[in-house]
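To keep things clear, I will list the structure first and then write my remarks on it.
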Amino acid sequence: MSDMLADSPEAAPSLLSVRDLAVHIRTDGGLARILDGVSFDLPPGGTLGIVGESGCGKSTLLRAILGILPKGARVPQGQVLFQGQDILRAPVRGRIGFIPQDPYLSLNPVFRAGDQLLEGMRRHASGSRDEHRRKLVSLFQAVQLPEPENALDKYPHQFSGGQRQRLLIAAALACDPDLVVADEPTTALDVTTQLEILALLRGLTAERGMGLLFVTHDFGVLSAVCEDVAVLYAGRVADWGPTGNVLADPRHPYTRMLLACHPDRATDLVGIPGTVPAATAQPPGCRFHPRCPIARPVCSQAVPEPLRIFDGSRVACPFHADPLPEVALG
């Protein structure tokens with residue numbers, strides 16, 4: 001199970017361990033504090049979902065893990081340890097697979113799909129080109145791509161959106177990674193295709209024993225794929241725990257209000273008042289306190305420490321047991 005903070009030096013080694021990570025970018029509007037003290041662990045074979053509103057730092061977190069932070073980004077503190085190696089200082093190649101968000105924009109339309117996938121294997125996998133071709137055909141079969149033997153010679157426009165996403169999943173698996181990072185990989189797909197892709201991902205990660213870090217806005221998608229969930233708000237982890245526990249009994253006020261906005265739970269078209277603060281103007285203390293209906297004066301003065309609660313979850317709110325007003329829950 002993933003964890004917001006390491007419990008002890010004797011804890012089992014993690015596949016991925018993010019420790020007190022901060023990422024800042026200097027902009028014309030001032031210093032943008034995109035991430036500020038993010039910590040969690042993902043064990044080998046574990047599945048962790050990262051969820052939160054747009055602007056909470058999810059994409060920057062993925063970029064830090066993948067070693068592709070934008071030019072000008074600075075990491076003033078923290079580590080990203082992959083199998084014990086700090087990849088912020090020594091990036092790894094081939095051992096982390098990536099499934100991007102948009103299957104329509106992730107493949108170059110003027111090159112055959114096979115040429116694009118084989119280029120990645122040429123750089124990061126051992127073996128000859130013929131061996132790589134045979135492996136890709138085998139992966140195309142595993143991801144249930146129609147006519148896998150012919151897929152290498154087709155152009156991206158000859159595939160549907162769901163088929164392109166299967167191509168990208170195959171590309172993420174091509175170098176036998178220990179970790180797959182997925183950035184909202186079903187957003188551009190219809191509901192039926194989403195279900196197929198989610199079932200495929202869940203089955204492949206379990207079969208191959210890979211870790212999965214899955215970013216999404218959708219709690220329904222999260223529950224279908226991930227054992228654990230970390231709720232990110234304004235660059236900090238607000239809530240963490242087993243997915244079933246967080247969905248059934250959310251603790252942090254932000255998580256409760258976010259879940260209340262979900263179409264399956266909402267009784268009215270009422271969102272969370274206010275907006276995620278700009279990264280250049282983060283409020284002091286708990287970053288959610290300007291929008292929180294149960295905020296106290298102390299919430300604007302001190303950064304809340306993550307508290308362990310009885311079900312194995314952790315929540316960064318000392319008032320997590322207090323009920324929210326009915327109006328806050330729609």
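Residues in the structure tokens are numbered from 1 in each chain, the chains being A, B, ... in the order shown, and ligands are numbered from 1 in the order shown.
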
Mind listing the strand (DSSP E) residues of range 5-202 of chain A, per DSSP on the backbone, as an NGL selection string? :A and (16-27 or 30-42 or 47-51 or 73-82 or 85-86 or 96-99 or 179-183)

Distance query Ile294 in chain A at most 7 Å, only C-alpha atoms, self and fewer than 2 positions along chain excluded, as a PyMOL selection string: chain A and resi 292+296+324

Residues of range 172-245 of chain A that approach range 302-309 of chain A to 9 Å or less, counting only C-alpha atoms: could you list each one with the shortest pair of atoms and its distance in Å to one decimal, rows by chain and increasing residue number, as JSON lines?
{"residue": "A:Val237", "atom": "CA", "partner": "A:Pro306", "partner_atom": "CA", "distance": 8.6}
{"residue": "A:Ala238", "atom": "CA", "partner": "A:Pro306", "partner_atom": "CA", "distance": 7.9}
{"residue": "A:Asp239", "atom": "CA", "partner": "A:Pro306", "partner_atom": "CA", "distance": 8.1}

Could you check the closest approach to Leu31 in chain A for each of A:Leu118, A:Ala174, A:Asp190, A:Ala279 and tell me which residue wins, using only C-alpha atoms?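 Comparing A:Leu118, A:Ala174, A:Asp190, A:Ala279 against Leu31 in chain A, the winner is A:Ala279.
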
Skipping near chain neighbours, those fewer than 3 positions away, what residues fall within 6 Å of range 101-110 of chain A using only C-alpha atoms, listed as a VMD selection string? chain A and resid 156 164 to 165 183 to 185
